[in-house]
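J.: Could you have a look at this structure, given as structure tokens, before my questions?
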Amino acid sequence: MTYYVVIRDLNVLLGEEGILRLPSYIFDNYIMDDARREALERAFRYVISGENVLIVGHPGTGKTAFMAILLRRIISSGYQVAYILEGASSISREHEELGIILFYDDLPLMNTSALSSIFRNNVRNIVATARIEELRFIVDRVGFDPYEYFKIVEISPMAPRHLREMLLRYADAEGIHIVDRNAIDVVISKANGLPVYIWQVIRELRIRGEPLTLSFANTIPRGMYDYVDNILWRAIGNSEDRYETLLTLLCMTDFVKYLVNQDLYNAIFVTAKEKIRKQKFSMEEALYSDTLDRISRYLARDRQTLSFKLPHDSWADVLRGASSGPMSAEISKVNMLFPKSKRRELIIEAARRVWHEVLRLAEDAKRRNSFLENIRLNFGDNLTKDIIEKPPEKREVLPAQTIPSQSLILRQLRDYLRLGDAGVDLALKLAEGIIESGVDDPTALNAAAAAFLMKGIRTKDSSMIKKAINVLSKLNTFDAKYNLAIAYYHIGRFEDAEKIFRELYERHKEEEILFNLGVTLLRLGKFNDAIRTLETYVKLTSDPNAIRLLNRLKKLGIIETSVS
């Protein structure tokens with residue numbers, strides 16, 4: 001069985017779903033100070049001479065990003081690189097014979113048998129990362145000293161001027177507006193030389209859809225651990241579900257690379273809630289928690305494995321008790337009440353339950369297989385087989401008491417639909433339940449209709465779009481009318497869509513309406529009106545998509561001048 005996969009395109013390393021989960025723009029915006037430049041040259045010389053390289057540093061100094069830059073250098077020099085598969089039980093020397101360089105992020109987290117085989121087989125051509133504080137764990141686990149098998153390249157914190165340049169580049173790449181330049185200095189002063197702090201600031205602003213302001217910069221605490229603690233506090237705080245949410249996140253720290261299948265993630269939350277509340281709950285409780293939804297927005301997502309992942313190792317550190325912020329006391333309680341052995345029992349119970357109640361009969365094979373692979377990787381074949389074959393004990397489940405907050409429903413539906421085919425069925429199930437329950441709340445009905453509409457658009461199923469129209473046409477809210485206009489557009493009722501878009505813009509002056517109105521007018525052949533509408537939209541927003549559309553119209557001869 002192979003233990004590696006050769007990468008053909010560096011882009012597979014990047015993005016939320018990439019192997020290294022680095023920003024998609026890292027190669028264009030990486031900050032190379034003198035220390036990193038010298039370290040890169042030294043590491044490259046080691047690699048091409050057949051040595052192993054271990055990139056070490058304190059948490060947050062940018063070890064993973066540096067490894068990506070090194071891998072790019074190796075590939076550009078004509079070498080092949082491959083990543084070591086999670087779950088590989090043994091690493092041999094086959095890749096050496098083929099001239100392939102292996103890489104692995106966070107060597108101390110590799111499973112014990114594979115880690116031992118690297119030293120036992122004296123495997124060469126490996127590039128890996130490790131926290132400098134965790135090198136001793138390798139010795140404790142496998143009895144080998146990494147200093148004897150790897151050339152060590154240490155990455156140090158970054159000077160303030162380089163962190164400033166990094167912040168400016170990342171903000172520009174993410175389209176984040178900097179309202180007050182003084183905010184930059186405040187953020188840099190709190191970063192303590194850690195590039196990961198800058199990345200977390202940019203990532204949070206992107207998630208929140210907000211600019212960088214002096215008020216925000218003054219609010220966030222100094223140091224990465226207390227910053228993560230602060231995020232948890234703002235997202236969870238004193239909410240009713242805070243303990244079960246924290247326990248769910250703490251369970252994630254027990255998984256390989258902190259990667260948890262989404263179905264299992266939801267089941268862990270429900271099981272955690274039962275343990276804490278001493279009550280029985282239905283699986284739908286995972287959908288009904290505003291608290292879980294808020295914190296889930298901060299997690300990385302992997303559509304390939306249908307999983308959630310902690311965004312950085314520092315989150316795991318904080319959840320294990322490394323911070324001193326306002327959430328640290330609550331985290332300490334959860335750690336005390338649920339040590340690792342109890343968490344393991346909880347995870348297995350959740351896995352057994354979600355398999356037999358939800359996944360066993362699910363039509364989506366990828367969804368089932370992703371869950372099983374996640375369990376197999378973390379608990380082995382025997383326990384996976386036991387979970388599949390042995391159903392949970394019969395339980396008396398309390399029905400959900402009420403419909404959850406409607407904003408949560410809409411967010412959850414959209415989250416499911418973003419997951420592709422696996423999410424569509426869950427979204428539609430929730431939407432159908434809303435309609436069948438006879439709910440008369442327009443926000444809930446609009447959320448359900450939005451699920452039908454998105455399903456219809458994605459699959460080009462006009463019957464689903466008409467189902468959405470049937471619901472939306474009875475509602476009178478802005479969101480419902482906007483969705484109704486979108487639905488009309490997608491089934492070719494352009495006159496009806498135009499009428500609603502015009503009415504909505506006259507009343508609300510929402511810029512996005514102008515773009516949709518302009519596109520609808522194009523479909524109706526009203527080119528002059530469409531161009532005027534789109535030009536107004538561009539003046540208000542500078543939207544590059546609208547600019548490209550207008551420039552395409554110029555090439556077609558519909559408009560005389562291009563827009564920039």
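We name chains A, B, ... following the order of the structure tokens; residues begin at 1 in each chain, and ligands are numbered from 1 as shown.
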Would you return as number ranges by chain the members of segment 96-248 of chain A that DSSP assigns to alpha helix (DSSP H) on this structure's backbone?
T.: A: 96-97, 112-120, 135-142, 160-174, 182-191, 195-208, 214-219, 224-235, 242-248
J.: Near Gln200 of chain A, counting only C-alpha atoms, which residues have an atom at most 12 Å away, once you skip same-chain residues fewer than 5 positions from it, shown as a PyMOL selection string?
T.: chain A and resi 22-23+60+167+170-171+187+191+194-195+205-207+220+223-225+227-228+230-231+298-299+311-315
J.: Looking at only C-alpha atoms, which of A:Glu284, A:Asp461, A:Asp33, A:Glu97 is the one that sits closest to Pro157 of chain A?
T.: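 Going through A:Glu284, A:Asp461, A:Asp33, A:Glu97 one by one, the smallest distance to Pro157 of chain A is for A:Asp33.
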J.: From the options A:Ile155, A:Tyr4, A:Phe137, A:Arg36, which residue's atoms come nearest to Lys63 of chain A, counting only C-alpha atoms?
T.: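 Smallest separation from Lys63 of chain A among the options: A:Ile155.
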J.: Just the number, please: distance in Å from atom CA of Asn335 of chain A to atom CA of Asp317 of chain A, one decimal.
T.: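 Computed distance, atom CA of Asn335 of chain A to atom CA of Asp317 of chain A, equals 12.1 Å.
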J.: Might you pull out every residue within 12 Å of Arg368 of chain A, with only C-alpha atoms counted and same-chain residues fewer than 5 positions away left off, and present them as a list in words?
T.: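 Once the adjacent positions are removed, what remains is Asn261, Gln262, Asp263, Leu264, Thr305, Leu306, Ala351, Val354, Trp355, His356, Val358, Leu359, Arg360, Leu361, Ala362, Glu363, Glu373, Asn374, Ile375, Ile388 and Ala422 of chain A.
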J.: Those residues with N, CA and C atoms, as a short mmCIF file (atom, residue, chain, number, x, y, z; two decimals), in the first residue's frame please?
T.:
data_model
loop_
_atom_site.label_atom_id
_atom_site.label_comp_id
_atom_site.auth_asym_id
_atom_site.auth_seq_id
_atom_site.Cartn_x
_atom_site.Cartn_y
_atom_site.Cartn_z
N ASN A 261 -15.05 14.76 10.68
CA ASN A 261 -16.16 14.68 9.73
C ASN A 261 -17.35 15.50 10.22
N GLN A 262 -18.01 16.21 9.33
CA GLN A 262 -19.07 17.13 9.77
C GLN A 262 -20.24 16.42 10.43
N ASP A 263 -20.66 15.28 9.91
CA ASP A 263 -21.75 14.55 10.57
C ASP A 263 -21.35 14.15 11.98
N LEU A 264 -20.11 13.71 12.14
CA LEU A 264 -19.63 13.33 13.46
C LEU A 264 -19.51 14.56 14.36
N THR A 305 -13.29 15.96 2.20
CA THR A 305 -13.58 14.95 3.23
C THR A 305 -14.82 15.30 4.04
N LEU A 306 -15.53 16.36 3.65
CA LEU A 306 -16.75 16.79 4.34
C LEU A 306 -16.47 16.95 5.83
N ALA A 351 -20.27 8.62 17.33
CA ALA A 351 -20.05 7.98 16.03
C ALA A 351 -21.03 6.84 15.81
N VAL A 354 -24.58 8.43 15.12
CA VAL A 354 -24.80 9.10 13.84
C VAL A 354 -24.76 8.10 12.69
N TRP A 355 -23.96 7.03 12.85
CA TRP A 355 -23.94 6.01 11.79
C TRP A 355 -25.30 5.31 11.68
N HIS A 356 -25.83 4.86 12.80
CA HIS A 356 -27.05 4.06 12.77
C HIS A 356 -28.31 4.90 12.61
N VAL A 358 -28.35 8.10 11.10
CA VAL A 358 -28.34 9.04 9.97
C VAL A 358 -27.65 8.45 8.73
N LEU A 359 -26.45 7.96 8.89
CA LEU A 359 -25.60 7.67 7.73
C LEU A 359 -25.79 6.28 7.13
N ARG A 360 -26.18 5.32 7.92
CA ARG A 360 -26.22 3.94 7.44
C ARG A 360 -27.08 3.79 6.19
N LEU A 361 -28.18 4.51 6.15
CA LEU A 361 -29.10 4.41 5.02
C LEU A 361 -29.03 5.62 4.09
N ALA A 362 -28.05 6.48 4.30
CA ALA A 362 -27.92 7.66 3.45
C ALA A 362 -27.57 7.24 2.02
N GLU A 363 -28.14 7.92 1.05
CA GLU A 363 -27.91 7.57 -0.35
C GLU A 363 -26.53 8.00 -0.83
N GLU A 373 -13.93 6.80 6.97
CA GLU A 373 -12.48 7.01 6.86
C GLU A 373 -11.97 7.84 8.03
N ASN A 374 -12.75 8.84 8.46
CA ASN A 374 -12.37 9.66 9.60
C ASN A 374 -12.29 8.82 10.87
N ILE A 375 -13.25 7.92 11.06
CA ILE A 375 -13.24 7.04 12.22
C ILE A 375 -12.08 6.05 12.14
N ILE A 388 -20.01 0.07 13.17
CA ILE A 388 -20.92 -0.27 12.08
C ILE A 388 -21.87 -1.40 12.47
N ALA A 422 -23.54 16.37 -0.62
CA ALA A 422 -23.78 15.86 0.73
C ALA A 422 -24.62 16.81 1.55
#
J.: As an exercise, work out the distance from atom CA of Val186 of chain A to atom CA of Asp226 of chain A in Å and give it to one decimal place.
T.: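 Distance reported for this atom pair: 15.5 Å.
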J.: With only C-alpha atoms as the atoms that count, which of A:Tyr149, A:Phe308, A:Trp199, A:Tyr482 lies nearest to Tyr505 of chain A?
T.: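 That would be A:Tyr482, the residue with the smallest distance to Tyr505 of chain A.
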J.: Please list as a CSV table (one decimal) with N, CA and C atoms, in the first residue's frame every residue within 6 Å of Ala431 of chain A, counting only C-alpha atoms and excluding residues in the same chain fewer than 3 positions away.
T.:
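selection_28.csv, freshly written:
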chain,number,residue,atom,x,y,z
A,428,LEU,N,-32.4,20.3,2.3
A,428,LEU,CA,-33.8,20.1,1.9
A,428,LEU,C,-34.7,19.4,2.9
A,434,ILE,N,-39.7,22.5,7.8
A,434,ILE,CA,-40.3,23.9,8.1
A,434,ILE,C,-41.7,24.0,7.4
A,448,ALA,N,-36.6,28.4,4.1
A,448,ALA,CA,-36.9,27.1,3.4
A,448,ALA,C,-37.0,27.2,1.9
J.: Might you pull out every residue within 12 Å of Tyr30 of chain A, with only C-alpha atoms counted and same-chain residues fewer than 5 positions away left off, and present them as a list in words?
T.: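 Residues meeting the cut-off are Leu22, Pro23, Ser24, Tyr25, Arg36, Arg37, Gly62, Thr64, Ala65, Phe66, Met67, Ala68, Ile69, Leu70, His162, Leu163, Glu165, Met166, Leu167, Leu168, Arg169, Tyr170, Ala173, Pro195 and Trp199 of chain A.
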J.: Env of segment 535-538 of chain A: 12 Å cut, atoms = only C-alpha atoms, seq-sep filter 5 positions within chain, self excluded. Answer as a VMD selection string.
T.: chain A and resid 505 509 to 519 527 to 530 543 to 551 553 559 561 to 564
J.: Would you mind exporting the chosen residues as a PDB file, in the first residue's frame, restricted to C-alpha atoms?
T.:
ATOM      1  CA  TYR A 505     -34.422  49.206  -5.628  1.00  0.00           C
ATOM      2  CA  LYS A 509     -31.532  51.312  -2.766  1.00  0.00           C
ATOM      3  CA  GLU A 510     -29.546  48.094  -2.222  1.00  0.00           C
ATOM      4  CA  GLU A 511     -26.587  48.081  -4.644  1.00  0.00           C
ATOM      5  CA  GLU A 512     -26.732  44.335  -5.354  1.00  0.00           C
ATOM      6  CA  ILE A 513     -30.240  44.777  -6.769  1.00  0.00           C
ATOM      7  CA  LEU A 514     -28.842  47.034  -9.488  1.00  0.00           C
ATOM      8  CA  PHE A 515     -26.522  44.344 -10.782  1.00  0.00           C
ATOM      9  CA  ASN A 516     -29.311  41.761 -10.938  1.00  0.00           C
ATOM     10  CA  LEU A 517     -31.602  44.276 -12.592  1.00  0.00           C
ATOM     11  CA  GLY A 518     -28.941  45.058 -15.183  1.00  0.00           C
ATOM     12  CA  VAL A 519     -28.410  41.395 -16.027  1.00  0.00           C
ATOM     13  CA  PHE A 527     -29.460  47.036 -23.798  1.00  0.00           C
ATOM     14  CA  ASN A 528     -29.372  50.823 -23.239  1.00  0.00           C
ATOM     15  CA  ASP A 529     -31.296  50.536 -19.984  1.00  0.00           C
ATOM     16  CA  ALA A 530     -29.129  47.588 -18.914  1.00  0.00           C
ATOM     17  CA  ASP A 543     -17.325  45.505  -8.648  1.00  0.00           C
ATOM     18  CA  PRO A 544     -14.774  43.747 -10.936  1.00  0.00           C
ATOM     19  CA  ASN A 545     -17.419  41.262 -12.120  1.00  0.00           C
ATOM     20  CA  ALA A 546     -19.631  44.065 -13.400  1.00  0.00           C
ATOM     21  CA  ILE A 547     -16.632  45.778 -14.994  1.00  0.00           C
ATOM     22  CA  ARG A 548     -15.727  42.589 -16.822  1.00  0.00           C
ATOM     23  CA  LEU A 549     -19.330  42.219 -17.998  1.00  0.00           C
ATOM     24  CA  LEU A 550     -19.398  45.749 -19.391  1.00  0.00           C
ATOM     25  CA  ASN A 551     -16.082  45.199 -21.140  1.00  0.00           C
ATOM     26  CA  LEU A 553     -20.393  43.995 -23.969  1.00  0.00           C
ATOM     27  CA  ILE A 559     -21.336  49.351 -25.721  1.00  0.00           C
ATOM     28  CA  THR A 561     -16.367  52.410 -24.345  1.00  0.00           C
ATOM     29  CA  SER A 562     -14.804  50.028 -21.868  1.00  0.00           C
ATOM     30  CA  VAL A 563     -14.974  50.494 -18.118  1.00  0.00           C
ATOM     31  CA  SER A 564     -12.029  50.334 -15.733  1.00  0.00           C
TER      32      SER A 564
END
J.: What does the structure give for the distance between atom CA of Leu250 of chain A and atom CA of Asn378 of chain A, in Å to one decimal?
T.: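 According to the coordinates, atom CA of Leu250 of chain A and atom CA of Asn378 of chain A are separated by 15.2 Å.
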J.: Fewer than 3 positions away in the same chain doesn't count, so skip those; otherwise give me all residues within 10 Å of Asn238 of chain A, counting only C-alpha atoms, as a PyMOL selection string.
T.: chain A and resi 233-235+241-243+291+327+330
